[in-house]
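Visitor: I'd like to ask you about the structure that follows.
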Amino acid sequence: MLDTSYIEKTTGFSETTIKLVVQGLIDFIEMELRAGNEVKIRDFGVFYPKELGERKSRNLGIGETITVKPVTKPKILF
């Protein structure tokens, strides 16, 4: 749950407006990362997609070696 009381007091915007703007920012960052792009926010940080390659792992339940598929994870650099 997003506590918007500080932002409401300092900006005068309503809770609904603040939640829409924050959700819009999150959706935009997610969309750009899925497309493989970086998102730079000045004086905050850089969101970027980090590709993790295929690797070997172990299924601890049966002790079998398995191959884990490559994945892309979101990262942030402050």
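If you're wondering about the labels, chains in the structure tokens are A, B, ... by order shown, residues count from 1 in each chain, ligands from 1 in order shown.
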Could you go through chain A and tell me which residues DSSP, when run on the backbone, assigns to strand (DSSP E), listing them as a list in words?
Guide: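 Put together, the selection reads Val39, Lys40, Ile41, Gly45, Val46, Phe47, Tyr48, Pro49, Lys50, Glu51, Leu52, Arg55, Lys56, Ser57, Arg58, Asn59, Glu64, Thr65, Ile66, Thr67, Val68, Val71, Thr72, Lys73, Pro74, Lys75, Ile76 and Leu77 of chain A.
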Visitor: Skip Arg55 in chain A itself and residues of its chain fewer than 3 positions away, then list as number ranges by chain all residues within 9 Å of it, counting only C-alpha atoms.
Guide: A: 52, 66-70
Visitor: Check the smallest atom-to-atom distance from each of A:Glu8, A:Lys56, A:Phe47, A:Thr16 to Glu30 in chain A using only C-alpha atoms, then report the winner.
Guide: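 So, comparing all the options, the nearest one is A:Phe47.
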Visitor: Would you kindly return, as a CSV table (one decimal) with all heavy atoms, in the first residue's frame, each protein, DNA or RNA residue with an atom no farther than 12 Å from any atom of Leu2 in chain A, considering only C-alpha atoms and excluding same-chain residues fewer than 6 positions away?
Guide:
chain,number,residue,atom,x,y,z
A,8,GLU,N,0.8,14.4,-0.7
A,8,GLU,CA,-0.4,15.2,-0.7
A,8,GLU,C,-0.2,16.5,-0.1
A,8,GLU,O,-0.6,17.6,-0.6
A,8,GLU,CB,-1.5,14.4,0.0
A,8,GLU,CG,-2.1,13.3,-0.8
A,8,GLU,CD,-3.2,12.5,0.0
A,8,GLU,OE1,-4.1,13.2,0.4
A,8,GLU,OE2,-3.0,11.3,0.2
A,15,GLU,N,-4.8,12.0,-3.5
A,15,GLU,CA,-4.2,10.7,-3.4
A,15,GLU,C,-4.4,9.9,-4.7
A,15,GLU,O,-3.5,9.2,-5.2
A,15,GLU,CB,-4.9,9.9,-2.3
A,15,GLU,CG,-4.4,8.5,-2.1
A,15,GLU,CD,-5.1,7.8,-1.0
A,15,GLU,OE1,-6.1,8.3,-0.4
A,15,GLU,OE2,-4.7,6.6,-0.7
A,16,THR,N,-5.6,10.1,-5.3
A,16,THR,CA,-5.8,9.4,-6.6
A,16,THR,C,-4.9,9.8,-7.7
A,16,THR,O,-4.3,9.0,-8.4
A,16,THR,CB,-7.3,9.7,-7.1
A,16,THR,OG1,-8.2,9.3,-6.0
A,16,THR,CG2,-7.6,8.9,-8.3
A,18,ILE,N,-1.8,11.1,-7.3
A,18,ILE,CA,-0.5,10.6,-7.0
A,18,ILE,C,-0.4,9.2,-7.3
A,18,ILE,O,0.6,8.7,-7.9
A,18,ILE,CB,-0.2,10.9,-5.5
A,18,ILE,CG1,-0.2,12.4,-5.2
A,18,ILE,CG2,1.1,10.2,-5.1
A,18,ILE,CD1,-0.2,12.7,-3.7
A,19,LYS,N,-1.3,8.3,-7.0
A,19,LYS,CA,-1.3,6.9,-7.3
A,19,LYS,C,-1.3,6.7,-8.8
A,19,LYS,O,-0.5,5.8,-9.3
A,19,LYS,CB,-2.5,6.2,-6.6
A,19,LYS,CG,-2.3,6.0,-5.1
A,19,LYS,CD,-3.4,5.2,-4.5
A,19,LYS,CE,-3.2,5.0,-3.0
A,19,LYS,NZ,-4.2,4.2,-2.4
A,20,LEU,N,-2.0,7.4,-9.6
A,20,LEU,CA,-2.0,7.3,-11.0
A,20,LEU,C,-0.6,7.6,-11.6
A,20,LEU,O,-0.1,6.9,-12.5
A,20,LEU,CB,-3.1,8.1,-11.6
A,20,LEU,CG,-4.5,7.6,-11.5
A,20,LEU,CD1,-5.5,8.7,-12.0
A,20,LEU,CD2,-4.7,6.3,-12.2
A,22,VAL,N,2.4,7.6,-10.0
A,22,VAL,CA,3.4,6.6,-9.6
A,22,VAL,C,3.2,5.3,-10.4
A,22,VAL,O,4.1,4.7,-10.9
A,22,VAL,CB,3.3,6.4,-8.1
A,22,VAL,CG1,4.2,5.2,-7.7
A,22,VAL,CG2,3.7,7.6,-7.3
A,23,GLN,N,1.9,4.9,-10.5
A,23,GLN,CA,1.7,3.6,-11.3
A,23,GLN,C,2.1,3.8,-12.8
A,23,GLN,O,2.6,2.9,-13.4
A,23,GLN,CB,0.2,3.2,-11.2
A,23,GLN,CG,0.0,1.8,-11.7
A,23,GLN,CD,0.8,0.7,-11.0
A,23,GLN,OE1,0.8,0.6,-9.8
A,23,GLN,NE2,1.5,-0.1,-11.8
Visitor: What does the distance from CA of Pro74 in chain A to CA of Leu33 in chain A come to in Å, to one decimal?
Guide: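 CA of Leu33 in chain A lies at a distance of 6.9 Å from CA of Pro74 in chain A.
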Visitor: Output as an NGL selection string all residues of chain A that backbone DSSP marks as helix (DSSP H, G or I).
Guide: :A and (5-11 or 15-34)
Visitor: If you measure from CA of Lys75 in chain A to CA of Leu25 in chain A, what distance in Å do you get, rounded to one decimal?
Guide: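 Rounded to one decimal, the two atoms are 15.9 Å apart.
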Visitor: Could you tell me how far CA of Lys40 in chain A sits from CA of Phe13 in chain A, in Å to one decimal place?
Guide: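 Atom-to-atom, CA of Phe13 in chain A to CA of Lys40 in chain A, that is 25.0 Å.
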